[in-house]
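Asks: Input: one structure, supplied below.
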Amino acid sequence: MQSDNPTAAILLIGDEILSGRTRDLNAHHLAGILNGIGIDLREIRVVPDDHAAIVGALRALDRHLGGDWDMVFTSGGIGPTHDDITADAVADAYGVGIEVNADARRMMEERWTRLGMEITPARLRMARIPVGATLIENAESAAPGFSIGGAHVMAGVPSVFRSMVEALVPRLNPGRPPVSRTVRVERPESDVAEGLREVAAAFPDLSLGSYPFREEGRFGTNLVIRGLDSARVEAALAALGTRLGL
């Protein structure tokens, strides 16, 4: 699908994802949000809790650092424990210092005081923000994420991640959301592959995909057409119907 929309990558950070201990929910959630506002997600990458790996991934992904995409959304590694090293790695990648951010500390201390929680060095780790970064509000637990360069750095806990995404989205520059049409065909994928290929070749500006399923012992295929021009999507849908006899 041809598009001039902004491009993005998601960088998931955490040994627990790579080990299979934790199933990621954040990339799935964010992918749907980005699709809905016309930001084209081009890559999802997972790295361990390793300083060099995080720095390397950011440099490879963020166009501000010579990478491929306009923006990078990270998830994980900004909590209070020793292995929460994302903030330090981000600061290193962008060549800036890191310090306890006064606004972050104020927001967190207000919440802790209200809840009767002790202010500890471990909790204050979550107020360490790269110099020059803009905070991402977190209505769920107060400890903020942050944006710097093309990176938007957010928590790994799904409820907190979603809160940060909700606060961040109004600040993003959206593109044109794609138009999508789905046709359910009660035939196996192999039966529709040739027709789908011909229609895809005739409409190179669109994205055409096939997604097989099996229900009650019968094979079927969902055919999906996506594009930015609704008239072109409808034309491709008609062509597909003619070619497959739908």
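The way I read the labels, and the way they are meant: chains A, B, ... in the order of the structure tokens, residue 1 as the first residue of every chain, and ligand 1 as the first ligand shown, with later ones counted on from there.
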At most 8 Å is the cut-off: for each residue in segment 46-66 of chain A with any atom that close to an atom of segment 93-110 of chain A, write down the nearest atom pair and the distance in Å rounded to one decimal, counting only C-alpha atoms, chain first then increasing number, as CSV.
Replies:
```
residue,atom,partner,partner_atom,distance
A:Val55,CA,A:Ala93,CA,5.1
A:Gly56,CA,A:Ala93,CA,7.8
A:Leu58,CA,A:Ala93,CA,6.9
A:Arg59,CA,A:Ala93,CA,6.8
A:Leu65,CA,A:Tyr94,CA,7.5
```
Asks: Hey, what's within 9 Å of Pro178 of chain A if we count only C-alpha atoms and toss same-chain stuff fewer than 3 positions away? As a count of residues only, please?
Replies: 9
Asks: Which neighbours of Glu234 of chain A fall inside 12 Å, counting only C-alpha atoms, when residues of the same chain fewer than 2 positions from it are skipped, and could you give them as a ChimeraX atom specification?
Replies: /A:179-183,203,206,224-232,236-241
Asks: For Gly145 of chain A, please output as a list of chain:residue names all residues within 7 Å (counting only C-alpha atoms; exclusion window: fewer than 3 positions along the same chain).
Replies: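 Selected residues are A:Leu135, A:Ile136, A:Glu137, A:Val153, A:Met154, A:Ala155, A:Met164.
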Asks: Export all heavy atoms of the chosen residues as a PDB file, in the first residue's frame?
Replies:
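Everything below was put into selection_28.pdb:
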```pdb
ATOM      1  N   LEU A 135       7.598  15.029  29.222  1.00  0.00           N
ATOM      2  CA  LEU A 135       6.932  13.974  29.977  1.00  0.00           C
ATOM      3  C   LEU A 135       5.655  13.500  29.285  1.00  0.00           C
ATOM      4  O   LEU A 135       4.954  14.280  28.634  1.00  0.00           O
ATOM      5  CB  LEU A 135       6.601  14.457  31.388  1.00  0.00           C
ATOM      6  CG  LEU A 135       7.786  14.881  32.264  1.00  0.00           C
ATOM      7  CD1 LEU A 135       7.285  15.278  33.652  1.00  0.00           C
ATOM      8  CD2 LEU A 135       8.831  13.776  32.360  1.00  0.00           C
ATOM      9  N   ILE A 136       5.361  12.206  29.450  1.00  0.00           N
ATOM     10  CA  ILE A 136       4.091  11.617  29.028  1.00  0.00           C
ATOM     11  C   ILE A 136       3.311  11.310  30.291  1.00  0.00           C
ATOM     12  O   ILE A 136       3.737  10.504  31.118  1.00  0.00           O
ATOM     13  CB  ILE A 136       4.297  10.337  28.206  1.00  0.00           C
ATOM     14  CG1 ILE A 136       5.133  10.615  26.955  1.00  0.00           C
ATOM     15  CG2 ILE A 136       2.942   9.739  27.819  1.00  0.00           C
ATOM     16  CD1 ILE A 136       5.518   9.357  26.184  1.00  0.00           C
ATOM     17  N   GLU A 137       2.162  11.927  30.448  1.00  0.00           N
ATOM     18  CA  GLU A 137       1.376  11.782  31.671  1.00  0.00           C
ATOM     19  C   GLU A 137       0.910  10.347  31.853  1.00  0.00           C
ATOM     20  O   GLU A 137       0.621   9.630  30.887  1.00  0.00           O
ATOM     21  CB  GLU A 137       0.167  12.722  31.615  1.00  0.00           C
ATOM     22  CG  GLU A 137      -0.659  12.742  32.888  1.00  0.00           C
ATOM     23  CD  GLU A 137      -1.841  13.696  32.799  1.00  0.00           C
ATOM     24  OE1 GLU A 137      -1.905  14.474  31.830  1.00  0.00           O
ATOM     25  OE2 GLU A 137      -2.696  13.642  33.703  1.00  0.00           O
ATOM     26  N   VAL A 153       8.740   6.888  25.126  1.00  0.00           N
ATOM     27  CA  VAL A 153       9.177   5.827  26.027  1.00  0.00           C
ATOM     28  C   VAL A 153       8.114   5.613  27.098  1.00  0.00           C
ATOM     29  O   VAL A 153       7.801   6.527  27.869  1.00  0.00           O
ATOM     30  CB  VAL A 153      10.536   6.195  26.651  1.00  0.00           C
ATOM     31  CG1 VAL A 153      10.999   5.110  27.609  1.00  0.00           C
ATOM     32  CG2 VAL A 153      11.572   6.442  25.554  1.00  0.00           C
ATOM     33  N   MET A 154       7.583   4.384  27.147  1.00  0.00           N
ATOM     34  CA  MET A 154       6.452   4.112  28.020  1.00  0.00           C
ATOM     35  C   MET A 154       6.644   2.824  28.818  1.00  0.00           C
ATOM     36  O   MET A 154       7.537   2.038  28.529  1.00  0.00           O
ATOM     37  CB  MET A 154       5.166   4.047  27.185  1.00  0.00           C
ATOM     38  CG  MET A 154       4.822   5.396  26.554  1.00  0.00           C
ATOM     39  SD  MET A 154       3.369   5.364  25.463  1.00  0.00           S
ATOM     40  CE  MET A 154       4.080   4.598  23.999  1.00  0.00           C
ATOM     41  N   ALA A 155       5.793   2.647  29.801  1.00  0.00           N
ATOM     42  CA  ALA A 155       5.913   1.516  30.727  1.00  0.00           C
ATOM     43  C   ALA A 155       5.507   0.212  30.062  1.00  0.00           C
ATOM     44  O   ALA A 155       4.850   0.192  29.016  1.00  0.00           O
ATOM     45  CB  ALA A 155       5.041   1.769  31.954  1.00  0.00           C
ATOM     46  N   MET A 164      -0.614   5.882  29.256  1.00  0.00           N
ATOM     47  CA  MET A 164       0.360   6.752  28.607  1.00  0.00           C
ATOM     48  C   MET A 164       0.022   6.969  27.130  1.00  0.00           C
ATOM     49  O   MET A 164       0.143   8.086  26.610  1.00  0.00           O
ATOM     50  CB  MET A 164       1.759   6.169  28.758  1.00  0.00           C
ATOM     51  CG  MET A 164       2.290   6.192  30.177  1.00  0.00           C
ATOM     52  SD  MET A 164       3.976   5.508  30.274  1.00  0.00           S
ATOM     53  CE  MET A 164       4.316   5.727  32.028  1.00  0.00           C
TER      54      MET A 164
END
```
Asks: Contacts of Leu30 of chain A at 9 Å or less, counting only C-alpha atoms, minus same-chain residues fewer than 5 places along, as a PyMOL selection string?
Replies: chain A and resi 10+25+35+73+162+165
Asks: Using only C-alpha atoms, please write the residues we just selected to a file, as a compact mmCIF listing (two decimals), in the first residue's frame.
Replies:
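Contents of the output file again-v4.txt:
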```txt
# COMPACT_ATOMS: atom_id res chain seq x y z
CA ILE A 10 7.51 -0.45 18.33
CA LEU A 25 -0.26 -7.02 24.94
CA ASN A 35 -3.64 2.29 12.28
CA PHE A 73 7.32 3.72 20.69
CA ARG A 162 -2.53 2.28 27.82
CA VAL A 165 -0.78 6.04 25.04
```
Asks: What residues in segment 6-239 of chain A get the DSSP label alpha helix (DSSP H)? Please answer as number ranges by chain.
Replies: A: 15-18, 26-36, 51-61, 86-94, 102-115, 121-124, 158-168, 189-202, 230-239
Asks: What does the structure give for the distance between atom CA of Glu186 of chain A and atom CA of Gly245 of chain A, in Å to one decimal?
Replies: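 Pair atom CA of Glu186 of chain A / atom CA of Gly245 of chain A returns 12.1 Å.
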Asks: At what distance in Å, to one decimal, does atom CA of Leu34 of chain A lie from atom CA of Ala167 of chain A?
Replies: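 We find that atom CA of Ala167 of chain A and atom CA of Leu34 of chain A lie 13.8 Å from each other.
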Asks: Just list as a JSON list (two decimals) with N, CA, C and O atoms, in the first residue's frame whatever in segment 27-133 of chain A DSSP marks as strand (DSSP E).
Replies:
```json
[["chain", "number", "residue", "atom", "x", "y", "z"],
["A", 40, "ASP", "N", 1.74, 4.66, 9.98],
["A", 40, "ASP", "CA", 2.02, 3.34, 9.43],
["A", 40, "ASP", "C", 3.06, 2.61, 10.27],
["A", 40, "ASP", "O", 4.24, 2.99, 10.28],
["A", 41, "LEU", "N", 2.65, 1.58, 10.97],
["A", 41, "LEU", "CA", 3.57, 0.76, 11.76],
["A", 41, "LEU", "C", 4.34, -0.15, 10.82],
["A", 41, "LEU", "O", 3.75, -0.95, 10.09],
["A", 42, "ARG", "N", 5.68, -0.04, 10.82],
["A", 42, "ARG", "CA", 6.52, -0.77, 9.88],
["A", 42, "ARG", "C", 7.33, -1.89, 10.53],
["A", 42, "ARG", "O", 7.81, -2.79, 9.84],
["A", 43, "GLU", "N", 7.48, -1.84, 11.85],
["A", 43, "GLU", "CA", 8.35, -2.84, 12.46],
["A", 43, "GLU", "C", 8.03, -2.97, 13.94],
["A", 43, "GLU", "O", 7.72, -1.98, 14.61],
["A", 44, "ILE", "N", 8.12, -4.20, 14.44],
["A", 44, "ILE", "CA", 8.06, -4.46, 15.88],
["A", 44, "ILE", "C", 9.30, -5.27, 16.23],
["A", 44, "ILE", "O", 9.57, -6.31, 15.62],
["A", 45, "ARG", "N", 10.05, -4.79, 17.19],
["A", 45, "ARG", "CA", 11.31, -5.43, 17.57],
["A", 45, "ARG", "C", 11.30, -5.68, 19.08],
["A", 45, "ARG", "O", 10.75, -4.89, 19.84],
["A", 46, "VAL", "N", 11.91, -6.77, 19.50],
["A", 46, "VAL", "CA", 12.02, -7.10, 20.92],
["A", 46, "VAL", "C", 13.49, -7.23, 21.28],
["A", 46, "VAL", "O", 14.25, -7.90, 20.58],
["A", 47, "VAL", "N", 13.89, -6.57, 22.37],
["A", 47, "VAL", "CA", 15.28, -6.66, 22.85],
["A", 47, "VAL", "C", 15.27, -6.96, 24.34],
["A", 47, "VAL", "O", 14.29, -6.68, 25.04],
["A", 71, "MET", "N", 9.15, 7.64, 13.96],
["A", 71, "MET", "CA", 9.00, 7.61, 15.42],
["A", 71, "MET", "C", 9.09, 6.18, 15.93],
["A", 71, "MET", "O", 8.84, 5.22, 15.19],
["A", 72, "VAL", "N", 9.48, 6.07, 17.19],
["A", 72, "VAL", "CA", 9.60, 4.76, 17.85],
["A", 72, "VAL", "C", 8.85, 4.82, 19.17],
["A", 72, "VAL", "O", 9.02, 5.78, 19.94],
["A", 73, "PHE", "N", 8.04, 3.83, 19.42],
["A", 73, "PHE", "CA", 7.32, 3.72, 20.69],
["A", 73, "PHE", "C", 7.92, 2.55, 21.47],
["A", 73, "PHE", "O", 7.93, 1.42, 20.98],
["A", 74, "THR", "N", 8.43, 2.83, 22.66],
["A", 74, "THR", "CA", 9.02, 1.75, 23.45],
["A", 74, "THR", "C", 8.11, 1.37, 24.61],
["A", 74, "THR", "O", 7.30, 2.18, 25.09],
["A", 75, "SER", "N", 8.24, 0.12, 25.03],
["A", 75, "SER", "CA", 7.45, -0.40, 26.14],
["A", 75, "SER", "C", 8.36, -1.22, 27.03],
["A", 75, "SER", "O", 9.01, -2.16, 26.57],
["A", 98, "ILE", "N", 21.07, 12.38, 32.22],
["A", 98, "ILE", "CA", 19.82, 11.93, 32.85],
["A", 98, "ILE", "C", 19.82, 12.43, 34.28],
["A", 98, "ILE", "O", 20.87, 12.46, 34.95],
["A", 99, "GLU", "N", 18.63, 12.85, 34.74],
["A", 99, "GLU", "CA", 18.53, 13.42, 36.09],
["A", 99, "GLU", "C", 17.11, 13.25, 36.60],
["A", 99, "GLU", "O", 16.18, 12.95, 35.82],
["A", 100, "VAL", "N", 16.94, 13.42, 37.91],
["A", 100, "VAL", "CA", 15.60, 13.41, 38.47],
["A", 100, "VAL", "C", 14.88, 14.66, 37.98],
["A", 100, "VAL", "O", 15.32, 15.79, 38.23],
["A", 128, "ARG", "N", 13.71, 9.63, 37.10],
["A", 128, "ARG", "CA", 14.92, 9.93, 36.33],
["A", 128, "ARG", "C", 14.58, 9.96, 34.85],
["A", 128, "ARG", "O", 14.14, 8.97, 34.28],
["A", 129, "ILE", "N", 14.77, 11.14, 34.26],
["A", 129, "ILE", "CA", 14.34, 11.39, 32.88],
["A", 129, "ILE", "C", 15.52, 11.98, 32.10],
["A", 129, "ILE", "O", 16.24, 12.84, 32.62],
["A", 130, "PRO", "N", 15.74, 11.56, 30.85],
["A", 130, "PRO", "CA", 16.79, 12.20, 30.04],
["A", 130, "PRO", "C", 16.59, 13.71, 29.94],
["A", 130, "PRO", "O", 15.45, 14.19, 29.79]]
```
Asks: Need to verify the contact set: Leu223 of chain A, 9 Å, only C-alpha atoms, exclusion of same-chain residues closer than 5 positions in sequence. Can you return it as a list in words?
Replies: Arg181, Thr182, Val183, Arg184, Val185, Leu196, Leu208, Gly209, Ser210, Tyr211 and Pro212 of chain A
Asks: For all heavy atoms, I'd like the residues from the last selection saved as a CSV table (one decimal), in the first residue's frame.
Replies:
```csv
chain,number,residue,atom,x,y,z
A,181,ARG,N,-11.7,-3.3,3.7
A,181,ARG,CA,-12.9,-4.1,3.5
A,181,ARG,C,-12.5,-5.5,3.6
A,181,ARG,O,-11.4,-5.9,3.1
A,181,ARG,CB,-13.4,-3.8,2.1
A,181,ARG,CG,-14.0,-2.4,1.9
A,181,ARG,CD,-15.3,-2.2,2.8
A,181,ARG,NE,-16.3,-3.2,2.4
A,181,ARG,CZ,-17.2,-3.0,1.4
A,181,ARG,NH1,-17.2,-1.9,0.7
A,181,ARG,NH2,-18.1,-3.9,1.2
A,182,THR,N,-13.3,-6.3,4.1
A,182,THR,CA,-13.1,-7.8,4.3
A,182,THR,C,-14.2,-8.6,3.6
A,182,THR,O,-15.4,-8.3,3.8
A,182,THR,CB,-13.0,-8.1,5.8
A,182,THR,OG1,-11.9,-7.4,6.4
A,182,THR,CG2,-12.7,-9.6,6.0
A,183,VAL,N,-13.7,-9.6,2.9
A,183,VAL,CA,-14.7,-10.5,2.3
A,183,VAL,C,-14.4,-11.9,2.8
A,183,VAL,O,-13.3,-12.4,2.8
A,183,VAL,CB,-14.5,-10.5,0.7
A,183,VAL,CG1,-15.5,-11.5,0.1
A,183,VAL,CG2,-14.7,-9.2,0.1
A,184,ARG,N,-15.4,-12.6,3.3
A,184,ARG,CA,-15.3,-13.9,3.8
A,184,ARG,C,-15.7,-14.9,2.7
A,184,ARG,O,-16.8,-14.8,2.1
A,184,ARG,CB,-16.2,-14.1,5.0
A,184,ARG,CG,-16.2,-15.5,5.6
A,184,ARG,CD,-17.2,-15.6,6.7
A,184,ARG,NE,-17.4,-17.0,7.2
A,184,ARG,CZ,-16.9,-17.5,8.3
A,184,ARG,NH1,-16.2,-16.7,9.1
A,184,ARG,NH2,-17.1,-18.8,8.7
A,185,VAL,N,-14.8,-15.8,2.4
A,185,VAL,CA,-15.0,-16.8,1.3
A,185,VAL,C,-15.0,-18.2,1.9
A,185,VAL,O,-14.0,-18.5,2.6
A,185,VAL,CB,-13.9,-16.6,0.2
A,185,VAL,CG1,-14.1,-17.6,-0.9
A,185,VAL,CG2,-13.9,-15.2,-0.3
A,196,LEU,N,-6.6,-13.7,-6.3
A,196,LEU,CA,-6.1,-12.6,-5.4
A,196,LEU,C,-4.9,-12.0,-6.0
A,196,LEU,O,-4.7,-10.8,-6.0
A,196,LEU,CB,-5.9,-13.1,-4.0
A,196,LEU,CG,-5.5,-12.1,-3.0
A,196,LEU,CD1,-6.6,-11.1,-2.7
A,196,LEU,CD2,-5.1,-12.8,-1.7
A,208,LEU,N,-3.5,-6.1,-0.4
A,208,LEU,CA,-4.5,-7.2,-0.4
A,208,LEU,C,-3.9,-8.4,0.3
A,208,LEU,O,-2.7,-8.8,0.0
A,208,LEU,CB,-4.8,-7.6,-1.9
A,208,LEU,CG,-5.8,-6.7,-2.6
A,208,LEU,CD1,-5.2,-5.4,-3.1
A,208,LEU,CD2,-6.5,-7.5,-3.8
A,209,GLY,N,-4.6,-9.0,1.2
A,209,GLY,CA,-4.1,-10.1,2.0
A,209,GLY,C,-5.1,-11.2,2.2
A,209,GLY,O,-6.3,-10.9,2.0
A,210,SER,N,-4.7,-12.4,2.4
A,210,SER,CA,-5.6,-13.5,2.6
A,210,SER,C,-5.3,-14.2,4.0
A,210,SER,O,-4.1,-14.3,4.3
A,210,SER,CB,-5.5,-14.5,1.5
A,210,SER,OG,-4.1,-15.0,1.4
A,211,TYR,N,-6.3,-14.5,4.7
A,211,TYR,CA,-6.2,-15.0,6.1
A,211,TYR,C,-7.0,-16.2,6.3
A,211,TYR,O,-8.3,-16.1,6.5
A,211,TYR,CB,-6.5,-13.9,7.1
A,211,TYR,CG,-5.7,-12.7,6.9
A,211,TYR,CD1,-6.2,-11.7,6.0
A,211,TYR,CD2,-4.4,-12.5,7.4
A,211,TYR,CE1,-5.4,-10.5,5.8
A,211,TYR,CE2,-3.6,-11.4,7.2
A,211,TYR,CZ,-4.1,-10.4,6.3
A,211,TYR,OH,-3.4,-9.3,6.1
A,212,PRO,N,-6.5,-17.4,6.2
A,212,PRO,CA,-7.2,-18.7,6.2
A,212,PRO,C,-7.8,-19.0,7.6
A,212,PRO,O,-7.2,-18.6,8.6
A,212,PRO,CB,-6.3,-19.7,5.8
A,212,PRO,CG,-4.9,-19.2,6.1
A,212,PRO,CD,-5.0,-17.7,6.0
```
Asks: With distances taken over only C-alpha atoms, which of A:Pro204, A:Pro158, A:Gly14, A:Glu189 is nearest to Leu244 of chain A?
Replies: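 Using only C-alpha atoms, Leu244 of chain A sits closest to A:Glu189.
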